[in-house]
Amino acid sequence: MRSIEKDVEFPQLEKRILARWKEKDTFRRSIRNRAGAREYVFFDGPPFANNLPHYGHLLAGIIKDIVPRYWTMRGLRVHRRFGWDTHGLPVEMEVEKALGIVGKGVASVGIETFNEACRASVLKYAREWESTVEKTGRWVDFEDRYLTMQPSFMESVWWVFRQLWDKGLIYEGHRVLPYSTGCHTPLSNFEASADYRDVQDPAITVTMPWVDDPDCAFLVWTTTPWTLPANLAVAVHPELDYVKLRDHADGRRWVLSANLVGQYFKKPEEYTILERMKGRDLAGIPYVPLFDFFEGKRAEGAFRVLVDEYVTAEDGTGIVHLAPAYGEDDHRVCLREGISLADPVDLDGRFTEPAEPWKGQYIKDADPLIIAELKRRKRLVKHATLVHSYPYCERSGTPLMYKAMPVWFVKVTELRECMLAANAKTAWIPENLRDGRFGKWLEGARDWNISRNRYWGTPIPIWRCEACRGLQVIGSIAELEALSGEKVEDLHMHRIDHLGWTCPTCGAGRTRRVPEVLDCWFESGAMPYAQNHYPFENREHVENGLPADFIAEGLDQTRGWFYTLMVLSTALFDRPAFSNVIVNGLILAEDGKKMSKRLRNYPPPDEILDLHGADALRLYLINSGAVRAEDLRFSERGVRDVVRLALLPLWNAYNFFVTYAMIDGFNPAKEPATDSPDIMDQWIRSRVSTLADTVRREMDAYRLYRVVPELIRFIDDLTNWYIRLNRRRFWKPGLEGDKAHAYGTLHEVLVRFSLLLAPFTPFLAEEIWGNLTGAEDGDDSVHLQDFPEGGAGSMDPGLERTFFLMQEAILLGRSLREEQKIGVRQPLPEMTVIHPDAGLADRFAPLAGVIRDELNVKRLSFATNEADYVHLEAKPNLKVLGPRLGKKMKVVAAAVAGLSQDRLRAVQAGGTIELEGETLDADCLLITRTALAGQVVGAGSGLSVSLNTTVTPELRAEGLAREMINRIQRLRKDSGFEVQDRIGVRYHTEDAGLAAALETHGATVAGEVLAVSWEATGPLEGPEAKEFDLDGRIVRVVIWKV
RNA sequence: GGGCGUAUAGCUCAGCUGGUUAGAGCGCACGCCUGAUAAGCGUGAGGUCGGUAGUUCAAGUCUACCUAUGCCCA
C-alpha cells in the first residue's frame, strides 16, 4: 500500500489512471479476459464527426460505458466498437463551403474532386472526439472502428438493399419535395426551412365551370398561378358547408365555402343563396379545366371534385385546386384517386412542351402571363396580392418550388405489423416510449424515401437499361465486377458510375446506374450487418448477435436510428434489432434554453472534465432524468455537489484507512475480517452486501438513475456512522484483536465498495481498489474483477433495522438537546429508550456504549411503558384494512381514532379489539406518538426517547471540565501546535465551582489535551494568559509547548 | 393542427404497482472545529404536489378537460 495525498485532485488522478490503462492495455484485456463467456452484444450508433462532441454525446457515451462495464464485471464479453457516420448532407455542405462552390453546384468542380474532398474531411474532428471520449473514462475501441464509407460497409449496405429489393420492398415513386431551381436539387426539410422570406405573391380566384351547367362554376383560389396549367382536380372538405349562390352583378352562379362568401361580397344584397350543401355532396362533379393541355387525363378521373379532410376554409374559397406535381397533399389525394401527375416544368423551373404558350418561361415570370391569359378567357374573378412568408433556397437565393421528384421508397407500410410485433419484444427506458412515442410513430409510419439527389453517399445499386428501362439491382462487388468486367475497389459514385453493360433483358440497350445515393440513415440502420461486412464475412457471429442486448441514444433517434434499425432488421430477419434501449434526454443550458455556442450559456465539456473530473460528471449525469429521456438543465454546481457529496467523503474514508494502516503496518493479506464479532463491523458488512444487491437489481433493469442515491446513502453510513463511531478502535496501540477486526472490516468494505463503484466511477474505483489490494503493483485492475455478490448469506436485515433504530434514537437525542439548549459537552445522567418491545433492550445492548458516547449521557435505560412518556394515537393501516373493509373504512377509521390509551396498548401488546364488528390486531393499526407535556421526550416513528436533564453538581463539574478541554484545544490550534505536541498548562480561576471541577477532573483534562504538566496557580497576567468565559465562570490559562 | 413528455419546498430534483406524518441536495437560520473530512458535522424553518372536475373507503400517484412548458411530426 502506498500513502495518498490528502488534498486529492480528481482530474490529476484520472489522468494518471488513463495512462496506466493505456500502458497495461486494460480495456482490451477486460474483453479478452472473458474469452469463453457469452457475448453481450452492444451496438454503437455512429455520430457525424464534422463537429466537436457536446454534452448529449457525452451523456450517451457515459451510458454506453457504464452498462458494458457492468456486464463485463458480471462475467460477459462485451465488444465495443466505435463507428462514424461519414456520409450525408452535413459533410457535403461543409465541403461545398470549403471548396467555395456554394450555390454553384457540385458539377462546377466535378464529382470526383468533390467526393474525395468529402472523404478527406469527414474525420476532421475524430482526434478531438477520441480525446474527449477517453477523458470521460469511456472504454470504446477507436482502432477497430467502423466507417460508413468503407467499401466493406458499403458492400453490406448494397446487400441489404438487394435483400429488400428481392422481397419486393423497394419501389420507385414520386414525392413532392422542396426543390431549388437554382441548385438543381431537392432539399431536405431542414434546408428548406433555413431561409423564409416575406414576399408579395399574386392571390387569384378563378372559375371552374360545371360541365353539365356551364353557367355555374366552382371558385378556386391560389397564390401560385404557375401551378394552374398543371391543375388536374379540385378538392373540398367533406364536412364543410358550401353554398351555391347567384351573383347579382352578372347573374352567374358560384359555388364556394359558406364561411368565405364575405370575402367576395361586401353586402348581402349583392347575391342570393340558392342552395346549401356539405362538401361531400359535391364529390365527383366534373368541371371544365382552365386549359386543355392534359385533357387526356379525364379518362383517369381528372377534372372533378375530390374530397379530403386537409382542405380548410381559412382563406381562399374552401375549394382548392390540385396540381399533383406541385403539392404534397395534391399528390397524395390524386394518387389515391388514380390520377397520375402532370408536370410541365423542367429542372430549371421553366415551362415545357405541354404548356405551349409559356414554353421556356421561368415559372415565376410566367405568373403575370398566365393571369393575363385567364383574364382574356374570362376565367379570372378576383386578382389580389398577398404578403406571406415563403421558403427560399439558402444557397442560390431562388424561391423554392414544391415539385414531385422521382424517389425510391422502402415499403414500410407493408412491414408495419411485423415492426409493431418486433417492437413489443423490446424493453425501453423509459418504458412508455415503446408504445408511446416510438410505437405511435411505427403505427403511423409511411413509406420511407431512401434516395437522395446527392453525391457523397452509398450509391443506390440500381442499373437501368436506357432502352427498355428494365432495372437490375446489384448486391455485391463481385457481381458488379462480373457484369462490368472491371475491378472495383471503391463503391462511391465517381468510381462506379461509368460502369454499364448490355441489358440482359432486352439485349439492346446499355445499363446505367440511377443517379441517386442512399439516405445515410439507411446506412446507420444497416450498421448491425455492415460493421461486420455481413454476409460476406462473420456470418455466424452476426446472426448469433441479433438482436443486440443493448443500445443507448438520444430521444431524437426515435425517428432516426431506433427507427431505421427496426425497419431493416424487421425487413431482413423479422426480428427486433435490439432488446434493451436506454433513451437519454436533451441537455439544456442552466437557464433552461438550448445550449448555444453563440450565447456561451454553458461551460465547455472539456473544461468541466478538467476541473471536476469524469467520475463527477458521470455520477451527475446518471443521477438525473437525462438517463430516462427527460431534459436536464446542466449545472456546473450539480457536478461540484457530486464531488462534495460523494467523491470527497469517500476519498476521506479511504484516506483515513490508508493513513492508519500505514502507521500500523496493517497487511490485508494477513488479517481476515470475515469473522469479526463486533456488531458495527457486522453491520457495515451487511450494508455493503445489501447495496450490492440493490445495485445489481437496478442495473439488471437498466435503471441507472436509481443507483447514485444508494451510493450516497452508503457513503454517508460509512463515513458519518461507521468510521466516526469506530475511529477510537484504530487509535489503540498494537494491532491485535478488536483493532485487527476493525482494520480487516474497513479494508474489506472499501474493497467491495470500490468493486461496486467500478462501472460508475471507473477512476476512483481503480485508485482505491488498486492501492488497497496491492494489485496496482502488477497489471491487475478493478475492471478485470467480478461484480460483488449480494446474496442473502452476507446480509443481516435484522441488524440493519436495529442499527436504523439506533440512528433514530441518536437523532432524537440530538434534537432534544438542541431543543433544551443543553450542549453536548454537558453530560446528562440518563437517556431512556422507549419501545413497547422489551426485546429491543437486548438488541441495543451492544450499541449502548455508542449511544452514550454520541449523546454524552451516563446511562442508557429502556422502558416499555410508553403511557408514562407519550400519548398514543392510532390510525387505521390503510394498506392492510383498505382492501379488506372497502366502504366500511370510514366508520372504522372514526372508531379507531376514538380508542383509549389502554386499548391501544393492549393491541400493541398482541391483543385484538372489536370495532364495528371487525376484529383488529396490531397490524391493522398505525400508532403515532406525541410527547406528553412536561417531559423531555422525543417521539419518532420507530421509537421514542426520554432525556433526564437533571444536572447534578458532579455532572456540572464534568461538563465544565469538557468545556475547559474544548478551550484548551482551541488554544492549541490558535497557537499553531501540532496534533502530537505535548504541552504544559497553568490556569487560574476565582470561581470556586470551576476550580473544584478542574481539580477533580484535572487528570482527564490534562490527558485529553496532551498536557504533561497541569497546575493551578495564582492570578495570571500578561498577553500569553488567555481568558475564557465558561458559561459565566472566568478562567485564565497559559499553555506552552514542552 | 397531430403525437409524446414535463409541472412537487426559494432553486435542482426523488416519490415503485393509488394507502400512513410527501423526501433529498443546494440556499436560508441557528449551533458545532486539533485525533479522516470546514469542499466538514448537527438542528431547524420552508410544500393547499399547475388548475378544475371526476373515479375510489382512500389521489402527488388513476381518468377527463384546462393552463404553462418542452421535444417530435405536419
# chains A, B, ... in the order shown; residues from 1 in each chain; ligands from 1
$ residues_around --residues "G5 in chain B" --least-positions-apart "3" --cutoff "9 Å" --atoms "only C-alpha atoms (C1' of nucleotides)" --output "list in words"
Ala629 and Glu630 of chain A; G70 and C71 of chain B
$ interface_residues --of "chain B" --to "chain A" --cutoff "7 Å" --atoms "only C-alpha atoms (C1' of nucleotides)" --output "PDB file with all heavy atoms, in the first residue's frame"
ATOM      1  P     G B   3     -53.410  13.592 -30.821  1.00  0.00           P
ATOM      2  OP1   G B   3     -54.366  12.532 -30.467  1.00  0.00           O
ATOM      3  OP2   G B   3     -53.385  14.869 -30.060  1.00  0.00           O
ATOM      4  O5'   G B   3     -51.945  12.974 -30.795  1.00  0.00           O
ATOM      5  C5'   G B   3     -51.681  11.740 -31.459  1.00  0.00           C
ATOM      6  C4'   G B   3     -50.225  11.401 -31.332  1.00  0.00           C
ATOM      7  O4'   G B   3     -49.420  12.418 -31.990  1.00  0.00           O
ATOM      8  C3'   G B   3     -49.674  11.400 -29.916  1.00  0.00           C
ATOM      9  O3'   G B   3     -49.990  10.205 -29.227  1.00  0.00           O
ATOM     10  C2'   G B   3     -48.185  11.580 -30.156  1.00  0.00           C
ATOM     11  O2'   G B   3     -47.598  10.381 -30.625  1.00  0.00           O
ATOM     12  C1'   G B   3     -48.196  12.589 -31.303  1.00  0.00           C
ATOM     13  N9    G B   3     -48.125  13.974 -30.794  1.00  0.00           N
ATOM     14  C8    G B   3     -49.148  14.880 -30.670  1.00  0.00           C
ATOM     15  N7    G B   3     -48.751  16.032 -30.190  1.00  0.00           N
ATOM     16  C5    G B   3     -47.393  15.869 -29.982  1.00  0.00           C
ATOM     17  C6    G B   3     -46.427  16.777 -29.487  1.00  0.00           C
ATOM     18  O6    G B   3     -46.576  17.941 -29.105  1.00  0.00           O
ATOM     19  N1    G B   3     -45.157  16.193 -29.441  1.00  0.00           N
ATOM     20  C2    G B   3     -44.862  14.924 -29.829  1.00  0.00           C
ATOM     21  N2    G B   3     -43.594  14.549 -29.706  1.00  0.00           N
ATOM     22  N3    G B   3     -45.751  14.069 -30.303  1.00  0.00           N
ATOM     23  C4    G B   3     -46.982  14.607 -30.349  1.00  0.00           C
ATOM     24  P     C B   4     -50.264  10.258 -27.654  1.00  0.00           P
ATOM     25  OP1   C B   4     -50.731   8.917 -27.262  1.00  0.00           O
ATOM     26  OP2   C B   4     -51.059  11.458 -27.331  1.00  0.00           O
ATOM     27  O5'   C B   4     -48.795  10.479 -27.078  1.00  0.00           O
ATOM     28  C5'   C B   4     -47.778   9.525 -27.352  1.00  0.00           C
ATOM     29  C4'   C B   4     -46.447  10.064 -26.900  1.00  0.00           C
ATOM     30  O4'   C B   4     -46.110  11.259 -27.647  1.00  0.00           O
ATOM     31  C3'   C B   4     -46.387  10.541 -25.458  1.00  0.00           C
ATOM     32  O3'   C B   4     -46.292   9.468 -24.544  1.00  0.00           O
ATOM     33  C2'   C B   4     -45.151  11.435 -25.481  1.00  0.00           C
ATOM     34  O2'   C B   4     -43.973  10.674 -25.488  1.00  0.00           O
ATOM     35  C1'   C B   4     -45.313  12.115 -26.845  1.00  0.00           C
ATOM     36  N1    C B   4     -45.980  13.434 -26.718  1.00  0.00           N
ATOM     37  C2    C B   4     -45.195  14.531 -26.375  1.00  0.00           C
ATOM     38  O2    C B   4     -43.982  14.355 -26.195  1.00  0.00           O
ATOM     39  N3    C B   4     -45.775  15.743 -26.249  1.00  0.00           N
ATOM     40  C4    C B   4     -47.079  15.879 -26.445  1.00  0.00           C
ATOM     41  N4    C B   4     -47.599  17.100 -26.305  1.00  0.00           N
ATOM     42  C5    C B   4     -47.908  14.775 -26.787  1.00  0.00           C
ATOM     43  C6    C B   4     -47.322  13.571 -26.914  1.00  0.00           C
ATOM     44  P     G B  19     -49.599   5.015  -2.901  1.00  0.00           P
ATOM     45  OP1   G B  19     -48.992   6.340  -2.751  1.00  0.00           O
ATOM     46  OP2   G B  19     -48.772   3.818  -3.071  1.00  0.00           O
ATOM     47  O5'   G B  19     -50.567   4.762  -1.666  1.00  0.00           O
ATOM     48  C5'   G B  19     -51.332   5.841  -1.134  1.00  0.00           C
ATOM     49  C4'   G B  19     -51.619   5.591   0.311  1.00  0.00           C
ATOM     50  O4'   G B  19     -52.827   4.806   0.423  1.00  0.00           O
ATOM     51  C3'   G B  19     -50.517   4.830   1.027  1.00  0.00           C
ATOM     52  O3'   G B  19     -50.302   5.429   2.280  1.00  0.00           O
ATOM     53  C2'   G B  19     -51.084   3.397   1.169  1.00  0.00           C
ATOM     54  O2'   G B  19     -50.659   2.781   2.345  1.00  0.00           O
ATOM     55  C1'   G B  19     -52.576   3.652   1.222  1.00  0.00           C
ATOM     56  N9    G B  19     -53.412   2.600   0.688  1.00  0.00           N
ATOM     57  C8    G B  19     -53.085   1.541  -0.133  1.00  0.00           C
ATOM     58  N7    G B  19     -54.118   0.800  -0.448  1.00  0.00           N
ATOM     59  C5    G B  19     -55.191   1.399   0.215  1.00  0.00           C
ATOM     60  C6    G B  19     -56.562   1.049   0.250  1.00  0.00           C
ATOM     61  O6    G B  19     -57.114   0.123  -0.326  1.00  0.00           O
ATOM     62  N1    G B  19     -57.298   1.921   1.031  1.00  0.00           N
ATOM     63  C2    G B  19     -56.789   3.002   1.704  1.00  0.00           C
ATOM     64  N2    G B  19     -57.634   3.723   2.398  1.00  0.00           N
ATOM     65  N3    G B  19     -55.507   3.349   1.676  1.00  0.00           N
ATOM     66  C4    G B  19     -54.772   2.507   0.920  1.00  0.00           C
ATOM     67  P     U B  20     -49.362   6.753   2.350  1.00  0.00           P
ATOM     68  OP1   U B  20     -49.918   7.774   1.439  1.00  0.00           O
ATOM     69  OP2   U B  20     -47.946   6.346   2.230  1.00  0.00           O
ATOM     70  O5'   U B  20     -49.636   7.247   3.823  1.00  0.00           O
ATOM     71  C5'   U B  20     -50.938   7.701   4.206  1.00  0.00           C
ATOM     72  C4'   U B  20     -51.076   7.572   5.696  1.00  0.00           C
ATOM     73  O4'   U B  20     -50.938   6.167   6.030  1.00  0.00           O
ATOM     74  C3'   U B  20     -49.994   8.310   6.488  1.00  0.00           C
ATOM     75  O3'   U B  20     -50.569   8.800   7.686  1.00  0.00           O
ATOM     76  C2'   U B  20     -48.990   7.220   6.820  1.00  0.00           C
ATOM     77  O2'   U B  20     -48.283   7.471   8.009  1.00  0.00           O
ATOM     78  C1'   U B  20     -49.909   6.019   6.993  1.00  0.00           C
ATOM     79  N1    U B  20     -49.223   4.754   6.715  1.00  0.00           N
ATOM     80  C2    U B  20     -49.134   3.851   7.754  1.00  0.00           C
ATOM     81  O2    U B  20     -49.615   4.059   8.851  1.00  0.00           O
ATOM     82  N3    U B  20     -48.477   2.692   7.447  1.00  0.00           N
ATOM     83  C4    U B  20     -47.906   2.356   6.248  1.00  0.00           C
ATOM     84  O4    U B  20     -47.351   1.276   6.138  1.00  0.00           O
ATOM     85  C5    U B  20     -48.037   3.350   5.230  1.00  0.00           C
ATOM     86  C6    U B  20     -48.672   4.496   5.498  1.00  0.00           C
ATOM     87  P     U B  34     -11.514  21.456  18.470  1.00  0.00           P
ATOM     88  OP1   U B  34     -11.679  20.867  19.792  1.00  0.00           O
ATOM     89  OP2   U B  34     -11.171  22.882  18.266  1.00  0.00           O
ATOM     90  O5'   U B  34     -10.489  20.545  17.661  1.00  0.00           O
ATOM     91  C5'   U B  34     -10.264  20.780  16.296  1.00  0.00           C
ATOM     92  C4'   U B  34      -8.923  20.225  15.916  1.00  0.00           C
ATOM     93  O4'   U B  34      -7.899  20.867  16.711  1.00  0.00           O
ATOM     94  C3'   U B  34      -8.738  18.750  16.221  1.00  0.00           C
ATOM     95  O3'   U B  34      -9.282  17.967  15.180  1.00  0.00           O
ATOM     96  C2'   U B  34      -7.231  18.623  16.281  1.00  0.00           C
ATOM     97  O2'   U B  34      -6.684  18.539  14.997  1.00  0.00           O
ATOM     98  C1'   U B  34      -6.836  19.962  16.903  1.00  0.00           C
ATOM     99  N1    U B  34      -6.582  19.841  18.343  1.00  0.00           N
ATOM    100  C2    U B  34      -5.297  19.496  18.693  1.00  0.00           C
ATOM    101  O2    U B  34      -4.433  19.289  17.867  1.00  0.00           O
ATOM    102  N3    U B  34      -5.093  19.393  20.037  1.00  0.00           N
ATOM    103  C4    U B  34      -6.002  19.604  21.028  1.00  0.00           C
ATOM    104  O4    U B  34      -5.665  19.486  22.192  1.00  0.00           O
ATOM    105  C5    U B  34      -7.318  19.958  20.570  1.00  0.00           C
ATOM    106  C6    U B  34      -7.558  20.057  19.270  1.00  0.00           C
ATOM    107  P     A B  36      -9.082  11.102  13.220  1.00  0.00           P
ATOM    108  OP1   A B  36     -10.455  11.224  13.736  1.00  0.00           O
ATOM    109  OP2   A B  36      -8.452   9.791  13.091  1.00  0.00           O
ATOM    110  O5'   A B  36      -9.007  11.855  11.811  1.00  0.00           O
ATOM    111  C5'   A B  36      -7.829  11.775  11.039  1.00  0.00           C
ATOM    112  C4'   A B  36      -8.203  11.923   9.589  1.00  0.00           C
ATOM    113  O4'   A B  36      -9.009  10.773   9.197  1.00  0.00           O
ATOM    114  C3'   A B  36      -9.113  13.123   9.306  1.00  0.00           C
ATOM    115  O3'   A B  36      -8.353  14.293   9.140  1.00  0.00           O
ATOM    116  C2'   A B  36      -9.823  12.676   8.021  1.00  0.00           C
ATOM    117  O2'   A B  36      -8.967  12.789   6.913  1.00  0.00           O
ATOM    118  C1'   A B  36     -10.029  11.182   8.313  1.00  0.00           C
ATOM    119  N9    A B  36     -11.325  10.945   8.955  1.00  0.00           N
ATOM    120  C8    A B  36     -11.597  10.819  10.284  1.00  0.00           C
ATOM    121  N7    A B  36     -12.857  10.593  10.563  1.00  0.00           N
ATOM    122  C5    A B  36     -13.459  10.547   9.308  1.00  0.00           C
ATOM    123  C6    A B  36     -14.781  10.343   8.909  1.00  0.00           C
ATOM    124  N6    A B  36     -15.784  10.120   9.760  1.00  0.00           N
ATOM    125  N1    A B  36     -15.037  10.367   7.592  1.00  0.00           N
ATOM    126  C2    A B  36     -14.034  10.596   6.731  1.00  0.00           C
ATOM    127  N3    A B  36     -12.739  10.809   6.995  1.00  0.00           N
ATOM    128  C4    A B  36     -12.526  10.766   8.311  1.00  0.00           C
ATOM    129  P     U B  37      -8.920  15.663   9.673  1.00  0.00           P
ATOM    130  OP1   U B  37      -7.822  16.641   9.558  1.00  0.00           O
ATOM    131  OP2   U B  37      -9.587  15.460  10.975  1.00  0.00           O
ATOM    132  O5'   U B  37     -10.034  16.001   8.599  1.00  0.00           O
ATOM    133  C5'   U B  37      -9.670  16.139   7.230  1.00  0.00           C
ATOM    134  C4'   U B  37     -10.921  16.183   6.397  1.00  0.00           C
ATOM    135  O4'   U B  37     -11.653  14.944   6.553  1.00  0.00           O
ATOM    136  C3'   U B  37     -11.939  17.241   6.808  1.00  0.00           C
ATOM    137  O3'   U B  37     -11.589  18.519   6.305  1.00  0.00           O
ATOM    138  C2'   U B  37     -13.212  16.698   6.162  1.00  0.00           C
ATOM    139  O2'   U B  37     -13.218  16.981   4.778  1.00  0.00           O
ATOM    140  C1'   U B  37     -13.029  15.194   6.363  1.00  0.00           C
ATOM    141  N1    U B  37     -13.795  14.716   7.530  1.00  0.00           N
ATOM    142  C2    U B  37     -15.090  14.291   7.299  1.00  0.00           C
ATOM    143  O2    U B  37     -15.585  14.282   6.195  1.00  0.00           O
ATOM    144  N3    U B  37     -15.768  13.881   8.423  1.00  0.00           N
ATOM    145  C4    U B  37     -15.301  13.864   9.702  1.00  0.00           C
ATOM    146  O4    U B  37     -16.033  13.467  10.613  1.00  0.00           O
ATOM    147  C5    U B  37     -13.947  14.315   9.856  1.00  0.00           C
ATOM    148  C6    U B  37     -13.261  14.723   8.782  1.00  0.00           C
ATOM    149  P     A B  39     -13.259  24.336   3.036  1.00  0.00           P
ATOM    150  OP1   A B  39     -11.933  23.766   2.932  1.00  0.00           O
ATOM    151  OP2   A B  39     -13.469  25.742   2.689  1.00  0.00           O
ATOM    152  O5'   A B  39     -14.271  23.426   2.209  1.00  0.00           O
ATOM    153  C5'   A B  39     -15.622  23.875   1.920  1.00  0.00           C
ATOM    154  C4'   A B  39     -16.324  22.717   1.277  1.00  0.00           C
ATOM    155  O4'   A B  39     -15.793  22.594  -0.058  1.00  0.00           O
ATOM    156  C3'   A B  39     -16.036  21.418   2.019  1.00  0.00           C
ATOM    157  O3'   A B  39     -17.095  20.826   2.720  1.00  0.00           O
ATOM    158  C2'   A B  39     -15.172  20.565   1.068  1.00  0.00           C
ATOM    159  O2'   A B  39     -15.665  19.269   0.901  1.00  0.00           O
ATOM    160  C1'   A B  39     -15.196  21.345  -0.256  1.00  0.00           C
ATOM    161  N9    A B  39     -13.854  21.532  -0.768  1.00  0.00           N
ATOM    162  C8    A B  39     -12.773  22.112  -0.145  1.00  0.00           C
ATOM    163  N7    A B  39     -11.696  22.153  -0.887  1.00  0.00           N
ATOM    164  C5    A B  39     -12.097  21.568  -2.089  1.00  0.00           C
ATOM    165  C6    A B  39     -11.420  21.315  -3.274  1.00  0.00           C
ATOM    166  N6    A B  39     -10.153  21.645  -3.474  1.00  0.00           N
ATOM    167  N1    A B  39     -12.101  20.708  -4.262  1.00  0.00           N
ATOM    168  C2    A B  39     -13.374  20.396  -4.066  1.00  0.00           C
ATOM    169  N3    A B  39     -14.126  20.582  -2.983  1.00  0.00           N
ATOM    170  C4    A B  39     -13.426  21.179  -2.023  1.00  0.00           C
ATOM    171  P     U B  43     -29.551  16.039  12.888  1.00  0.00           P
ATOM    172  OP1   U B  43     -30.234  14.868  13.466  1.00  0.00           O
ATOM    173  OP2   U B  43     -29.469  16.209  11.424  1.00  0.00           O
ATOM    174  O5'   U B  43     -30.208  17.362  13.483  1.00  0.00           O
ATOM    175  C5'   U B  43     -30.478  17.453  14.870  1.00  0.00           C
ATOM    176  C4'   U B  43     -30.977  18.828  15.206  1.00  0.00           C
ATOM    177  O4'   U B  43     -29.954  19.804  14.870  1.00  0.00           O
ATOM    178  C3'   U B  43     -32.181  19.302  14.397  1.00  0.00           C
ATOM    179  O3'   U B  43     -33.403  18.794  14.892  1.00  0.00           O
ATOM    180  C2'   U B  43     -32.080  20.807  14.562  1.00  0.00           C
ATOM    181  O2'   U B  43     -32.505  21.206  15.842  1.00  0.00           O
ATOM    182  C1'   U B  43     -30.570  21.012  14.458  1.00  0.00           C
ATOM    183  N1    U B  43     -30.153  21.317  13.071  1.00  0.00           N
ATOM    184  C2    U B  43     -30.336  22.615  12.618  1.00  0.00           C
ATOM    185  O2    U B  43     -30.832  23.479  13.320  1.00  0.00           O
ATOM    186  N3    U B  43     -29.942  22.846  11.335  1.00  0.00           N
ATOM    187  C4    U B  43     -29.384  21.938  10.473  1.00  0.00           C
ATOM    188  O4    U B  43     -29.072  22.301   9.338  1.00  0.00           O
ATOM    189  C5    U B  43     -29.234  20.611  10.997  1.00  0.00           C
ATOM    190  C6    U B  43     -29.614  20.348  12.257  1.00  0.00           C
ATOM    191  P     C B  57     -65.917   3.167  -2.884  1.00  0.00           P
ATOM    192  OP1   C B  57     -66.292   1.800  -2.521  1.00  0.00           O
ATOM    193  OP2   C B  57     -66.937   4.126  -3.375  1.00  0.00           O
ATOM    194  O5'   C B  57     -65.184   3.851  -1.641  1.00  0.00           O
ATOM    195  C5'   C B  57     -65.968   4.404  -0.589  1.00  0.00           C
ATOM    196  C4'   C B  57     -65.068   4.741   0.572  1.00  0.00           C
ATOM    197  O4'   C B  57     -64.506   3.506   1.108  1.00  0.00           O
ATOM    198  C3'   C B  57     -63.842   5.570   0.225  1.00  0.00           C
ATOM    199  O3'   C B  57     -64.149   6.946   0.194  1.00  0.00           O
ATOM    200  C2'   C B  57     -62.871   5.215   1.341  1.00  0.00           C
ATOM    201  O2'   C B  57     -63.189   5.914   2.536  1.00  0.00           O
ATOM    202  C1'   C B  57     -63.187   3.724   1.553  1.00  0.00           C
ATOM    203  N1    C B  57     -62.288   2.843   0.786  1.00  0.00           N
ATOM    204  C2    C B  57     -60.960   2.677   1.226  1.00  0.00           C
ATOM    205  O2    C B  57     -60.577   3.306   2.214  1.00  0.00           O
ATOM    206  N3    C B  57     -60.139   1.859   0.550  1.00  0.00           N
ATOM    207  C4    C B  57     -60.585   1.203  -0.520  1.00  0.00           C
ATOM    208  N4    C B  57     -59.738   0.411  -1.162  1.00  0.00           N
ATOM    209  C5    C B  57     -61.918   1.355  -0.996  1.00  0.00           C
ATOM    210  C6    C B  57     -62.731   2.168  -0.312  1.00  0.00           C
TER     211        C B  57
END
$ residues_around --residues "G54 in chain B" --least-positions-apart "3" --cutoff "12 Å" --atoms "only C-alpha atoms (C1' of nucleotides)" --output "MDAnalysis selection string"
chainID B and resid 59 62:65
$ residues_around --residues "A7 in chain B" --least-positions-apart "4" --cutoff "12 Å" --atoms "only C-alpha atoms (C1' of nucleotides)" --output "JSON, numbers by chain"
{"B": [49, 50, 51, 60, 67, 68, 69, 70]}
$ residues_around --residues "Leu711 in chain A" --least-positions-apart "5" --cutoff "12 Å" --atoms "only C-alpha atoms (C1' of nucleotides)" --output "PyMOL selection string"
chain A and resi 619+623+642+645-647+649-650+687-688+690-692+694-695+704-706+716-718+753-754+756-758+760-761
$ select_by_dssp --residues "range 453-587 of chain A" --states "strand (DSSP E or B)" --output "MDAnalysis selection string"
chainID A and resid 459 462:465 471:473 502 510:513 517:518 548:554 578:584 587
$ residues_around --residues "Tyr326 in chain A" --least-positions-apart "5" --cutoff "8 Å" --atoms "only C-alpha atoms (C1' of nucleotides)" --output "compact mmCIF listing (two decimals) with N, CA and C atoms, in the first residue's frame"
# COMPACT_ATOMS: atom_id res chain seq x y z
N VAL A 176 -43.30 14.81 -53.39
CA VAL A 176 -43.19 16.25 -53.61
C VAL A 176 -42.21 16.80 -52.59
N THR A 227 -48.97 27.09 -61.12
CA THR A 227 -49.35 25.68 -60.95
C THR A 227 -50.65 25.38 -61.67
N HIS A 331 -50.67 15.72 -54.35
CA HIS A 331 -50.11 14.49 -54.85
C HIS A 331 -50.76 13.28 -54.18
N MET A 401 -39.50 25.71 -55.21
CA MET A 401 -40.78 25.23 -55.70
C MET A 401 -40.98 23.84 -55.11
N TYR A 402 -42.23 23.53 -54.83
CA TYR A 402 -42.50 22.16 -54.41
C TYR A 402 -42.78 21.37 -55.65
N LYS A 403 -42.03 20.31 -55.84
CA LYS A 403 -42.08 19.61 -57.11
C LYS A 403 -41.97 18.11 -56.87
N ALA A 404 -42.78 17.36 -57.61
CA ALA A 404 -42.72 15.91 -57.47
C ALA A 404 -41.43 15.42 -58.10
$ residues_around --residues "Tyr602 in chain A" --least-positions-apart "2" --cutoff "12 Å" --atoms "only C-alpha atoms (C1' of nucleotides)" --output "PyMOL selection string"
chain A and resi 54-55+587-600+604-608+633-637
$ closest_residue --among "B:C66, B:U61, B:A9, B:G40" --to "C26 in chain B" --atoms "only C-alpha atoms (C1' of nucleotides)"
B:A9
$ atom_distance --atom1 "CA of His248 in chain A" --atom2 "CA of Thr272 in chain A"
7.5 Å
$ select_by_dssp --residues "range 827-901 of chain A" --states "helix (DSSP H, G or I)" --output "count of residues only"
41
